[in-house]
Each structure stands twice: as C-alpha cells, then as structure tokens.
file final.tsv (TSV, N, CA and C atoms)
chain	number	residue	atom	x	y	z
A	260	MET	N	12.60	130.86	65.40
A	260	MET	CA	12.79	132.12	66.08
A	260	MET	C	12.76	133.29	65.08
A	261	ILE	N	13.37	133.12	63.92
A	261	ILE	CA	13.40	134.18	62.92
A	261	ILE	C	11.99	134.47	62.43
A	262	HIS	N	11.20	133.44	62.22
A	262	HIS	CA	9.84	133.64	61.74
A	262	HIS	C	9.01	134.43	62.74
A	263	ARG	N	9.26	134.17	64.01
A	263	ARG	CA	8.52	134.88	65.05
A	263	ARG	C	8.87	136.37	65.04
A	264	LYS	N	10.16	136.69	64.88
A	264	LYS	CA	10.59	138.09	64.82
A	264	LYS	C	10.00	138.77	63.59
A	265	GLN	N	10.00	138.08	62.46
A	265	GLN	CA	9.44	138.64	61.23
A	265	GLN	C	7.94	138.90	61.40
A	266	PHE	N	7.29	137.97	62.05
A	266	PHE	CA	5.86	138.13	62.29
A	266	PHE	C	5.58	139.35	63.17
A	267	ILE	N	6.35	139.52	64.23
A	267	ILE	CA	6.18	140.64	65.15
A	267	ILE	C	6.46	141.95	64.42
A	268	ILE	N	7.50	141.99	63.62
A	268	ILE	CA	7.83	143.21	62.86
A	268	ILE	C	6.71	143.53	61.87
A	269	ALA	N	6.20	142.52	61.18
A	269	ALA	CA	5.12	142.73	60.23
A	269	ALA	C	3.86	143.21	60.94
A	270	ALA	N	3.57	142.64	62.10
A	270	ALA	CA	2.39	143.04	62.86
A	270	ALA	C	2.52	144.49	63.32
A	271	CYS	N	3.69	144.88	63.78
A	271	CYS	CA	3.91	146.27	64.20
A	271	CYS	C	3.78	147.24	63.02
A	272	ALA	N	4.32	146.85	61.89
A	272	ALA	CA	4.22	147.69	60.69
A	272	ALA	C	2.77	147.86	60.28
A	273	LEU	N	2.00	146.77	60.34
A	273	LEU	CA	0.58	146.83	60.01
A	273	LEU	C	-0.17	147.74	60.99
A	274	LEU	N	0.17	147.66	62.25
A	274	LEU	CA	-0.47	148.47	63.27
A	274	LEU	C	-0.21	149.96	63.02
A	275	VAL	N	1.05	150.29	62.73
A	275	VAL	CA	1.41	151.68	62.46
A	275	VAL	C	0.71	152.17	61.20
A	276	ALA	N	0.68	151.36	60.16
A	276	ALA	CA	0.04	151.75	58.90
A	276	ALA	C	-1.46	151.96	59.08
A	277	SER	N	-2.11	151.08	59.83
A	277	SER	CA	-3.55	151.23	60.02
A	277	SER	C	-3.86	152.44	60.89
A	278	ALA	N	-3.05	152.72	61.89
A	278	ALA	CA	-3.27	153.89	62.74
A	278	ALA	C	-3.08	155.17	61.94
A	279	THR	N	-2.09	155.18	61.06
A	279	THR	CA	-1.86	156.35	60.21
A	279	THR	C	-3.03	156.55	59.26
A	280	ALA	N	-3.50	155.50	58.64
A	280	ALA	CA	-4.61	155.60	57.69
A	280	ALA	C	-5.88	156.04	58.40
A	281	TYR	N	-6.10	155.54	59.62
A	281	TYR	CA	-7.30	155.90	60.36
A	281	TYR	C	-7.28	157.37	60.74
A	282	GLY	N	-6.10	157.91	61.01
A	282	GLY	CA	-5.98	159.30	61.44
A	282	GLY	C	-6.18	160.30	60.32
A	283	GLN	N	-6.08	159.87	59.08
A	283	GLN	CA	-6.25	160.80	57.96
A	283	GLN	C	-7.72	161.12	57.78
A	284	ALA	N	-7.98	162.37	57.38
A	284	ALA	CA	-9.36	162.81	57.19
A	284	ALA	C	-9.96	162.17	55.95
A	285	ASN	N	-11.24	161.95	56.01
A	285	ASN	CA	-11.98	161.46	54.86
A	285	ASN	C	-11.94	162.56	53.79
A	286	PRO	N	-11.41	162.29	52.59
A	286	PRO	CA	-11.27	163.34	51.59
A	286	PRO	C	-12.60	163.95	51.17
A	287	LYS	N	-13.64	163.16	51.10
A	287	LYS	CA	-14.95	163.69	50.70
A	287	LYS	C	-15.48	164.64	51.77
A	288	ALA	N	-15.32	164.27	53.03
A	288	ALA	CA	-15.75	165.14	54.13
A	288	ALA	C	-14.94	166.43	54.14
A	289	GLN	N	-13.65	166.33	53.84
A	289	GLN	CA	-12.79	167.51	53.77
A	289	GLN	C	-13.26	168.44	52.66
A	290	GLN	N	-13.63	167.90	51.51
A	290	GLN	CA	-14.13	168.71	50.39
A	290	GLN	C	-15.42	169.40	50.77
A	291	ARG	N	-16.30	168.71	51.48
A	291	ARG	CA	-17.57	169.30	51.93
A	291	ARG	C	-17.31	170.47	52.88
A	292	ARG	N	-16.40	170.27	53.84
A	292	ARG	CA	-16.06	171.35	54.78
A	292	ARG	C	-15.50	172.56	54.05
A	293	GLU	N	-14.62	172.32	53.08
A	293	GLU	CA	-14.04	173.43	52.32
A	293	GLU	C	-15.10	174.18	51.53
A	294	ALA	N	-16.04	173.45	50.94
A	294	ALA	CA	-17.10	174.08	50.17
A	294	ALA	C	-18.00	174.93	51.07
A	295	ILE	N	-18.34	174.40	52.24
A	295	ILE	CA	-19.17	175.16	53.18
A	295	ILE	C	-18.43	176.41	53.65
A	296	THR	N	-17.15	176.28	53.94
A	296	THR	CA	-16.35	177.43	54.36
A	296	THR	C	-16.32	178.49	53.27
A	297	GLU	N	-16.18	178.06	52.04
A	297	GLU	CA	-16.17	178.98	50.89
A	297	GLU	C	-17.51	179.71	50.78
A	298	ALA	N	-18.61	179.00	50.95
A	298	ALA	CA	-19.94	179.61	50.88
A	298	ALA	C	-20.14	180.60	52.03
A	299	VAL	N	-19.72	180.23	53.22
A	299	VAL	CA	-19.86	181.12	54.38
A	299	VAL	C	-19.13	182.43	54.13
A	300	LYS	N	-17.92	182.34	53.58
A	300	LYS	CA	-17.14	183.55	53.27
A	300	LYS	C	-17.81	184.36	52.17
A	301	ALA	N	-18.24	183.68	51.10
A	301	ALA	CA	-18.82	184.38	49.95
A	301	ALA	C	-20.12	185.09	50.30
A	302	ILE	N	-20.92	184.47	51.15
A	302	ILE	CA	-22.22	185.05	51.51
A	302	ILE	C	-22.09	186.00	52.69
A	303	GLY	N	-21.09	185.79	53.53
A	303	GLY	CA	-20.87	186.66	54.68
A	303	GLY	C	-21.70	186.27	55.89
A	304	LEU	N	-21.83	184.97	56.13
A	304	LEU	CA	-22.60	184.49	57.28
A	304	LEU	C	-21.79	184.64	58.57
A	305	ASP	N	-22.49	185.00	59.66
A	305	ASP	CA	-21.81	185.05	60.95
A	305	ASP	C	-22.07	183.76	61.72
A	306	GLN	N	-21.41	183.61	62.85
A	306	GLN	CA	-21.48	182.37	63.62
A	306	GLN	C	-22.90	182.08	64.13
A	307	GLU	N	-23.63	183.12	64.49
A	307	GLU	CA	-25.00	182.93	64.96
A	307	GLU	C	-25.88	182.39	63.83
A	308	GLN	N	-25.72	182.92	62.64
A	308	GLN	CA	-26.48	182.44	61.49
A	308	GLN	C	-26.13	180.99	61.17
A	309	ILE	N	-24.86	180.67	61.24
A	309	ILE	CA	-24.42	179.29	60.96
A	309	ILE	C	-25.07	178.33	61.97
A	310	ALA	N	-25.09	178.72	63.24
A	310	ALA	CA	-25.71	177.87	64.27
A	310	ALA	C	-27.20	177.68	63.99
A	311	LYS	N	-27.88	178.75	63.58
A	311	LYS	CA	-29.31	178.65	63.28
A	311	LYS	C	-29.55	177.79	62.05
A	312	ILE	N	-28.68	177.91	61.05
A	312	ILE	CA	-28.81	177.08	59.85
A	312	ILE	C	-28.67	175.61	60.22
A	313	ARG	N	-27.69	175.30	61.06
A	313	ARG	CA	-27.50	173.91	61.51
A	313	ARG	C	-28.76	173.40	62.21
A	314	GLU	N	-29.32	174.24	63.06
A	314	GLU	CA	-30.52	173.85	63.80
A	314	GLU	C	-31.69	173.58	62.85
A	315	ILE	N	-31.88	174.45	61.89
A	315	ILE	CA	-32.97	174.28	60.92
A	315	ILE	C	-32.73	173.04	60.06
A	316	ARG	N	-31.50	172.81	59.65
A	316	ARG	CA	-31.17	171.67	58.79
A	316	ARG	C	-31.36	170.34	59.52
A	317	ARG	N	-31.37	170.36	60.85
A	317	ARG	CA	-31.58	169.12	61.61
A	317	ARG	C	-33.05	168.74	61.69
A	318	GLU	N	-33.94	169.67	61.34
A	318	GLU	CA	-35.37	169.36	61.39
A	318	GLU	C	-35.69	168.27	60.37
A	319	ARG	N	-36.58	167.39	60.74
A	319	ARG	CA	-36.98	166.30	59.86
A	319	ARG	C	-38.48	166.38	59.62
A	320	PRO	N	-38.93	165.94	58.44
A	320	PRO	CA	-40.37	165.98	58.16
A	320	PRO	C	-41.12	164.97	59.01
A	321	PRO	N	-42.40	165.22	59.23
A	321	PRO	CA	-43.19	164.24	59.98
A	321	PRO	C	-43.15	162.87	59.29
A	322	GLU	N	-43.24	161.84	60.09
A	322	GLU	CA	-43.20	160.47	59.58
A	322	GLU	C	-44.23	160.26	58.46
A	323	GLY	N	-43.81	159.68	57.39
A	323	GLY	CA	-44.70	159.35	56.29
A	323	GLY	C	-45.02	160.50	55.35
A	324	THR	N	-44.36	161.63	55.50
A	324	THR	CA	-44.62	162.77	54.63
A	324	THR	C	-44.09	162.48	53.23
A	325	GLN	N	-44.97	162.60	52.22
A	325	GLN	CA	-44.58	162.31	50.84
A	325	GLN	C	-45.24	163.31	49.91
A	326	GLY	N	-44.77	163.32	48.67
A	326	GLY	CA	-45.39	164.09	47.61
A	326	GLY	C	-45.51	165.57	47.92
A	327	ARG	N	-46.72	166.09	47.74
A	327	ARG	CA	-46.97	167.52	47.91
A	327	ARG	C	-46.65	167.98	49.34
A	328	ALA	N	-47.02	167.19	50.32
A	328	ALA	CA	-46.76	167.56	51.72
A	328	ALA	C	-45.26	167.70	51.97
A	329	ARG	N	-44.46	166.80	51.39
A	329	ARG	CA	-43.01	166.87	51.57
A	329	ARG	C	-42.44	168.09	50.86
A	330	ARG	N	-42.93	168.40	49.67
A	330	ARG	CA	-42.47	169.60	48.95
A	330	ARG	C	-42.81	170.86	49.74
A	331	GLU	N	-44.01	170.89	50.34
A	331	GLU	CA	-44.41	172.03	51.16
A	331	GLU	C	-43.52	172.15	52.40
A	332	TRP	N	-43.18	171.02	53.00
A	332	TRP	CA	-42.29	171.03	54.16
A	332	TRP	C	-40.92	171.59	53.76
A	333	ARG	N	-40.41	171.12	52.63
A	333	ARG	CA	-39.11	171.63	52.14
A	333	ARG	C	-39.16	173.12	51.87
A	334	ALA	N	-40.27	173.58	51.27
A	334	ALA	CA	-40.42	175.01	51.00
A	334	ALA	C	-40.41	175.81	52.30
A	335	GLY	N	-41.01	175.26	53.34
A	335	GLY	CA	-40.99	175.91	54.65
A	335	GLY	C	-39.59	176.01	55.22
A	336	ILE	N	-38.82	174.96	55.07
A	336	ILE	CA	-37.42	174.95	55.53
A	336	ILE	C	-36.63	176.01	54.76
A	337	THR	N	-36.82	176.05	53.45
A	337	THR	CA	-36.11	177.04	52.62
A	337	THR	C	-36.49	178.45	53.06
A	338	ALA	N	-37.77	178.68	53.33
A	338	ALA	CA	-38.22	180.00	53.78
A	338	ALA	C	-37.55	180.38	55.11
A	339	LYS	N	-37.44	179.43	56.03
A	339	LYS	CA	-36.78	179.69	57.31
A	339	LYS	C	-35.31	180.06	57.10
A	340	LEU	N	-34.65	179.32	56.21
A	340	LEU	CA	-33.24	179.59	55.93
A	340	LEU	C	-33.05	180.97	55.30
A	341	MET	N	-33.90	181.29	54.35
A	341	MET	CA	-33.79	182.58	53.66
A	341	MET	C	-34.11	183.73	54.61
A	342	ALA	N	-34.97	183.50	55.60
A	342	ALA	CA	-35.33	184.55	56.57
A	342	ALA	C	-34.14	184.92	57.45
A	343	LEU	N	-33.15	184.04	57.54
A	343	LEU	CA	-31.96	184.32	58.35
A	343	LEU	C	-31.03	185.33	57.67
A	344	LEU	N	-31.14	185.46	56.35
A	344	LEU	CA	-30.22	186.31	55.59
A	344	LEU	C	-30.74	187.74	55.52
A	345	ASN	N	-29.81	188.70	55.58
A	345	ASN	CA	-30.19	190.08	55.35
A	345	ASN	C	-30.15	190.37	53.85
A	346	ALA	N	-30.54	191.56	53.44
A	346	ALA	CA	-30.64	191.89	52.01
A	346	ALA	C	-29.29	191.75	51.30
A	347	GLU	N	-28.23	192.20	51.95
A	347	GLU	CA	-26.89	192.11	51.34
A	347	GLU	C	-26.48	190.66	51.14
A	348	GLN	N	-26.76	189.82	52.13
A	348	GLN	CA	-26.41	188.40	52.03
A	348	GLN	C	-27.23	187.71	50.94
A	349	LYS	N	-28.49	188.11	50.80
A	349	LYS	CA	-29.31	187.54	49.73
A	349	LYS	C	-28.75	187.90	48.37
A	350	THR	N	-28.26	189.13	48.23
A	350	THR	CA	-27.63	189.55	46.97
A	350	THR	C	-26.37	188.72	46.71
A	351	LYS	N	-25.56	188.53	47.75
A	351	LYS	CA	-24.34	187.73	47.60
A	351	LYS	C	-24.68	186.28	47.26
A	352	LEU	N	-25.75	185.77	47.86
A	352	LEU	CA	-26.17	184.40	47.55
A	352	LEU	C	-26.57	184.28	46.09
A	353	GLU	N	-27.26	185.28	45.57
A	353	GLU	CA	-27.62	185.27	44.15
A	353	GLU	C	-26.38	185.29	43.26
A	354	GLU	N	-25.35	186.01	43.68
A	354	GLU	CA	-24.09	186.03	42.94
A	354	GLU	C	-23.43	184.65	42.95
A	355	VAL	N	-23.49	183.99	44.10
A	355	VAL	CA	-22.93	182.63	44.22
A	355	VAL	C	-23.70	181.69	43.29
A	356	LYS	N	-25.02	181.81	43.29
A	356	LYS	CA	-25.84	180.96	42.42
A	356	LYS	C	-25.53	181.23	40.95
A	357	ALA	N	-25.31	182.52	40.61
A	357	ALA	CA	-25.02	182.88	39.23
A	357	ALA	C	-23.66	182.34	38.78
A	358	ALA	N	-22.75	182.15	39.73
A	358	ALA	CA	-21.42	181.61	39.41
A	358	ALA	C	-21.52	180.19	38.87
A	359	GLY	N	-22.58	179.50	39.23
A	359	GLY	CA	-22.81	178.18	38.66
A	359	GLY	C	-22.52	177.05	39.62
A	360	ALA	N	-23.05	175.90	39.26
A	360	ALA	CA	-22.97	174.70	40.10
A	360	ALA	C	-21.55	174.15	40.18
A	361	ASP	N	-20.66	174.63	39.32
A	361	ASP	CA	-19.29	174.12	39.36
A	361	ASP	C	-18.42	174.82	40.39
A	362	SER	N	-18.92	175.94	40.95
A	362	SER	CA	-18.10	176.67	41.91
A	362	SER	C	-18.20	176.03	43.29
A	363	LYS	N	-17.12	176.17	44.03
A	363	LYS	CA	-17.07	175.60	45.37
A	363	LYS	C	-18.06	176.30	46.30
A	364	ALA	N	-18.22	177.61	46.13
A	364	ALA	CA	-19.15	178.36	46.97
A	364	ALA	C	-20.58	177.90	46.72
A	365	PHE	N	-20.93	177.61	45.46
A	365	PHE	CA	-22.27	177.12	45.15
A	365	PHE	C	-22.50	175.77	45.82
A	366	GLU	N	-21.51	174.89	45.75
A	366	GLU	CA	-21.62	173.57	46.38
A	366	GLU	C	-21.84	173.73	47.88
A	367	GLY	N	-21.11	174.64	48.50
A	367	GLY	CA	-21.28	174.90	49.93
A	367	GLY	C	-22.65	175.46	50.25
A	368	ALA	N	-23.14	176.36	49.40
A	368	ALA	CA	-24.48	176.91	49.61
A	368	ALA	C	-25.54	175.81	49.49
A	369	ALA	N	-25.35	174.90	48.57
A	369	ALA	CA	-26.28	173.77	48.42
A	369	ALA	C	-26.23	172.88	49.65
A	370	LEU	N	-25.04	172.64	50.18
A	370	LEU	CA	-24.90	171.81	51.38
A	370	LEU	C	-25.56	172.48	52.59
A	371	LEU	N	-25.56	173.80	52.60
A	371	LEU	CA	-26.22	174.54	53.69
A	371	LEU	C	-27.72	174.64	53.49
A	372	GLY	N	-28.19	174.29	52.30
A	372	GLY	CA	-29.62	174.37	52.02
A	372	GLY	C	-30.04	175.70	51.44
A	373	LEU	N	-29.08	176.53	51.06
A	373	LEU	CA	-29.38	177.86	50.53
A	373	LEU	C	-29.45	177.90	49.01
A	374	ALA	N	-29.05	176.84	48.37
A	374	ALA	CA	-29.11	176.74	46.91
A	374	ALA	C	-29.53	175.33	46.55
A	375	GLN	N	-30.07	175.19	45.37
A	375	GLN	CA	-30.51	173.87	44.94
A	375	GLN	C	-29.70	173.45	43.72
A	376	ARG	N	-29.13	172.27	43.82
A	376	ARG	CA	-28.35	171.74	42.70
A	376	ARG	C	-29.27	171.43	41.54
A	377	PRO	N	-28.78	171.62	40.32
A	377	PRO	CA	-29.60	171.24	39.17
A	377	PRO	C	-29.78	169.73	39.13
A	378	ARG	N	-30.96	169.31	38.71
A	378	ARG	CA	-31.23	167.87	38.60
A	378	ARG	C	-30.44	167.27	37.46
A	379	GLN	N	-29.94	166.08	37.71
A	379	GLN	CA	-29.23	165.34	36.66
A	379	GLN	C	-30.13	164.27	36.13
A	380	ASN	N	-30.28	164.22	34.84
A	380	ASN	CA	-31.15	163.21	34.21
A	380	ASN	C	-30.37	161.99	33.80
call {"tool": "encode", "arguments": {"input": "final.tsv", "output": "structure tokens"}}
result
Amino acid sequence: MIHRKQFIIAACALLVASATAYGQANPKAQQRREAITEAVKAIGLDQEQIAKIREIRRERPPEGTQGRARREWRAGITAKLMALLNAEQKTKLEEVKAAGADSKAFEGAALLGLAQRPRQN
C-alpha cells in the first residue's frame, strides 16, 4: 500500500513538473522576439509595415531555384522590403547596421530581412 501511495505522489509530481516546463517559453524564441521588438522600435516601423514584412518574408523561391537565380530572387525580396521604408526609416536602419552585428536591434533587423549578418568562416 505504501509503495502505491509513493508511486501516485511521484506520478503527480512528475505531471506538475512537466506541465510547468511545457508552459515556459522557449528561451531562443524569446530572444528572437526581443530582438525583433528592439529593431521595430529602433527603425520606427508601424503595424502595417510589420504586416507587409511578414507577408513578404513568407514568399518562397520557385522550386529548384539555385545559384544566380536564387541570388536574384533574394535581391528582389530585399528590394520589396526596402521599398516599405521611408527615408527616415532607411536612415535609422543604417544607424542600426552601423551599431554592429552584436547589437540586439541589428539581430532583429536581420531576422526581419532588413540587414544581412556577416558571414562566418
């Protein structure tokens, strides 16, 4: 009888612990959200622009696109994203880029597709 009670208590404790762990946010996803929020504030994007950026970022290249064609497709996406920004926002974006890849705003801009991370060799 004692073993059964211990088993039930242990099972309940495990259930509570797993539910608590499941409810916590993924730390990496939280960092990404914070970086994007920082970039949105730094650049001064409005909600309409954010929605359009999301829409553009969902576009995918045609099946089998590689090499030069893929680079051209990416350049087109970048051009669409940059067309959403006004002159003041473009200036602010350049300031974010100048701050460097270590800044949270730069990371957010890269996640939005407005900046390109330096290649790591």
call {"tool": "atom_distance", "arguments": {"input": "final.tsv", "atom1": "atom CA of Pro377 of chain A", "atom2": "atom C of Glu331 of chain A"}}
result
19.2 Å
call {"tool": "closest_residue", "arguments": {"input": "final.tsv", "among": "A:Ala364, A:Ile302, A:Ile312, A:Ala369", "to": "Thr350 of chain A", "atoms": "only N, CA and C atoms"}}
result
A:Ile302
call {"tool": "closest_residue", "arguments": {"input": "final.tsv", "among": "A:Asn345, A:Arg291, A:Ile268, A:Arg329", "to": "Leu370 of chain A", "atoms": "only N, CA and C atoms"}}
result
A:Arg291
call {"tool": "residues_near_point", "arguments": {"input": "final.tsv", "point": "(-15.0, 176.2, 49.7)", "cutoff": "8 Å", "atoms": "only N, CA and C atoms", "output": "list of chain:residue names"}}
result
A:Gln290, A:Arg291, A:Arg292, A:Glu293, A:Ala294, A:Ile295, A:Thr296, A:Glu297, A:Ala298, A:Val299, A:Lys300, A:Ser362, A:Lys363, A:Ala364, A:Phe365, A:Glu366, A:Gly367
call {"tool": "closest_residue", "arguments": {"input": "final.tsv", "among": "A:Ile309, A:Ala301, A:Ala334, A:Leu340", "to": "Leu352 of chain A", "atoms": "all atoms listed in the file"}}
result
A:Ala301
call {"tool": "closest_residue", "arguments": {"input": "final.tsv", "among": "A:Ala358, A:Ala288, A:Met341, A:Ile336", "to": "Arg317 of chain A", "atoms": "only C-alpha atoms"}}
result
A:Ile336
call {"tool": "axis_aligned_box", "arguments": {"input": "final.tsv", "around": "segment 314-321 of chain A", "padding_each_side": "4 Å", "output": "AutoDock Vina command-line options"}}
result
--center_x -36.3 --center_y 168.7 --center_z 61.0 --size_x 21.9 --size_y 19.6 --size_z 13.6
call {"tool": "select_by_dssp", "arguments": {"input": "final.tsv", "residues": "chain A", "states": "alpha helix (DSSP H)", "output": "PyMOL selection string"}}
result
chain A and resi 261-282+286-302+306-316+326-342+346-358+363-371
call {"tool": "atom_distance", "arguments": {"input": "final.tsv", "atom1": "atom C of Gly303 of chain A", "atom2": "atom N of Gln289 of chain A"}}
result
21.6 Å
call {"tool": "atom_distance", "arguments": {"input": "final.tsv", "atom1": "atom N of Arg378 of chain A", "atom2": "atom CA of Ala360 of chain A"}}
result
9.7 Å
call {"tool": "build_atoms", "arguments": {"input": "final.tsv", "residues": "segment 307-322 of chain A", "atoms": "N, CA, C and O atoms", "output": "PDB file, in the frame of the given file"}}
result
ATOM      1  N   GLU A 307     -23.630 183.120  64.490  1.00  0.00           N
ATOM      2  CA  GLU A 307     -25.000 182.930  64.960  1.00  0.00           C
ATOM      3  C   GLU A 307     -25.880 182.390  63.830  1.00  0.00           C
ATOM      4  O   GLU A 307     -26.698 181.483  64.047  1.00  0.00           O
ATOM      5  N   GLN A 308     -25.720 182.920  62.640  1.00  0.00           N
ATOM      6  CA  GLN A 308     -26.480 182.440  61.490  1.00  0.00           C
ATOM      7  C   GLN A 308     -26.130 180.990  61.170  1.00  0.00           C
ATOM      8  O   GLN A 308     -27.016 180.181  60.869  1.00  0.00           O
ATOM      9  N   ILE A 309     -24.860 180.670  61.240  1.00  0.00           N
ATOM     10  CA  ILE A 309     -24.420 179.290  60.960  1.00  0.00           C
ATOM     11  C   ILE A 309     -25.070 178.330  61.970  1.00  0.00           C
ATOM     12  O   ILE A 309     -25.549 177.265  61.586  1.00  0.00           O
ATOM     13  N   ALA A 310     -25.090 178.720  63.240  1.00  0.00           N
ATOM     14  CA  ALA A 310     -25.710 177.870  64.270  1.00  0.00           C
ATOM     15  C   ALA A 310     -27.200 177.680  63.990  1.00  0.00           C
ATOM     16  O   ALA A 310     -27.732 176.575  64.121  1.00  0.00           O
ATOM     17  N   LYS A 311     -27.880 178.750  63.580  1.00  0.00           N
ATOM     18  CA  LYS A 311     -29.310 178.650  63.280  1.00  0.00           C
ATOM     19  C   LYS A 311     -29.550 177.790  62.050  1.00  0.00           C
ATOM     20  O   LYS A 311     -30.522 177.025  61.998  1.00  0.00           O
ATOM     21  N   ILE A 312     -28.680 177.910  61.050  1.00  0.00           N
ATOM     22  CA  ILE A 312     -28.810 177.080  59.850  1.00  0.00           C
ATOM     23  C   ILE A 312     -28.670 175.610  60.220  1.00  0.00           C
ATOM     24  O   ILE A 312     -29.447 174.771  59.780  1.00  0.00           O
ATOM     25  N   ARG A 313     -27.690 175.300  61.060  1.00  0.00           N
ATOM     26  CA  ARG A 313     -27.500 173.910  61.510  1.00  0.00           C
ATOM     27  C   ARG A 313     -28.760 173.400  62.210  1.00  0.00           C
ATOM     28  O   ARG A 313     -29.192 172.265  61.987  1.00  0.00           O
ATOM     29  N   GLU A 314     -29.320 174.240  63.060  1.00  0.00           N
ATOM     30  CA  GLU A 314     -30.520 173.850  63.800  1.00  0.00           C
ATOM     31  C   GLU A 314     -31.690 173.580  62.850  1.00  0.00           C
ATOM     32  O   GLU A 314     -32.382 172.572  62.977  1.00  0.00           O
ATOM     33  N   ILE A 315     -31.880 174.450  61.890  1.00  0.00           N
ATOM     34  CA  ILE A 315     -32.970 174.280  60.920  1.00  0.00           C
ATOM     35  C   ILE A 315     -32.730 173.040  60.060  1.00  0.00           C
ATOM     36  O   ILE A 315     -33.656 172.273  59.793  1.00  0.00           O
ATOM     37  N   ARG A 316     -31.500 172.810  59.650  1.00  0.00           N
ATOM     38  CA  ARG A 316     -31.170 171.670  58.790  1.00  0.00           C
ATOM     39  C   ARG A 316     -31.360 170.340  59.520  1.00  0.00           C
ATOM     40  O   ARG A 316     -31.500 169.299  58.880  1.00  0.00           O
ATOM     41  N   ARG A 317     -31.370 170.360  60.850  1.00  0.00           N
ATOM     42  CA  ARG A 317     -31.580 169.120  61.610  1.00  0.00           C
ATOM     43  C   ARG A 317     -33.050 168.740  61.690  1.00  0.00           C
ATOM     44  O   ARG A 317     -33.372 167.620  62.084  1.00  0.00           O
ATOM     45  N   GLU A 318     -33.940 169.670  61.340  1.00  0.00           N
ATOM     46  CA  GLU A 318     -35.370 169.360  61.390  1.00  0.00           C
ATOM     47  C   GLU A 318     -35.690 168.270  60.370  1.00  0.00           C
ATOM     48  O   GLU A 318     -35.126 168.236  59.290  1.00  0.00           O
ATOM     49  N   ARG A 319     -36.580 167.390  60.740  1.00  0.00           N
ATOM     50  CA  ARG A 319     -36.980 166.300  59.860  1.00  0.00           C
ATOM     51  C   ARG A 319     -38.480 166.380  59.620  1.00  0.00           C
ATOM     52  O   ARG A 319     -39.240 166.795  60.501  1.00  0.00           O
ATOM     53  N   PRO A 320     -38.930 165.940  58.440  1.00  0.00           N
ATOM     54  CA  PRO A 320     -40.370 165.980  58.160  1.00  0.00           C
ATOM     55  C   PRO A 320     -41.120 164.970  59.010  1.00  0.00           C
ATOM     56  O   PRO A 320     -40.536 163.990  59.475  1.00  0.00           O
ATOM     57  N   PRO A 321     -42.400 165.220  59.230  1.00  0.00           N
ATOM     58  CA  PRO A 321     -43.190 164.240  59.980  1.00  0.00           C
ATOM     59  C   PRO A 321     -43.150 162.870  59.290  1.00  0.00           C
ATOM     60  O   PRO A 321     -43.008 162.781  58.067  1.00  0.00           O
ATOM     61  N   GLU A 322     -43.240 161.840  60.090  1.00  0.00           N
ATOM     62  CA  GLU A 322     -43.200 160.470  59.580  1.00  0.00           C
ATOM     63  C   GLU A 322     -44.230 160.260  58.460  1.00  0.00           C
ATOM     64  O   GLU A 322     -45.389 160.660  58.594  1.00  0.00           O
TER      65      GLU A 322
END
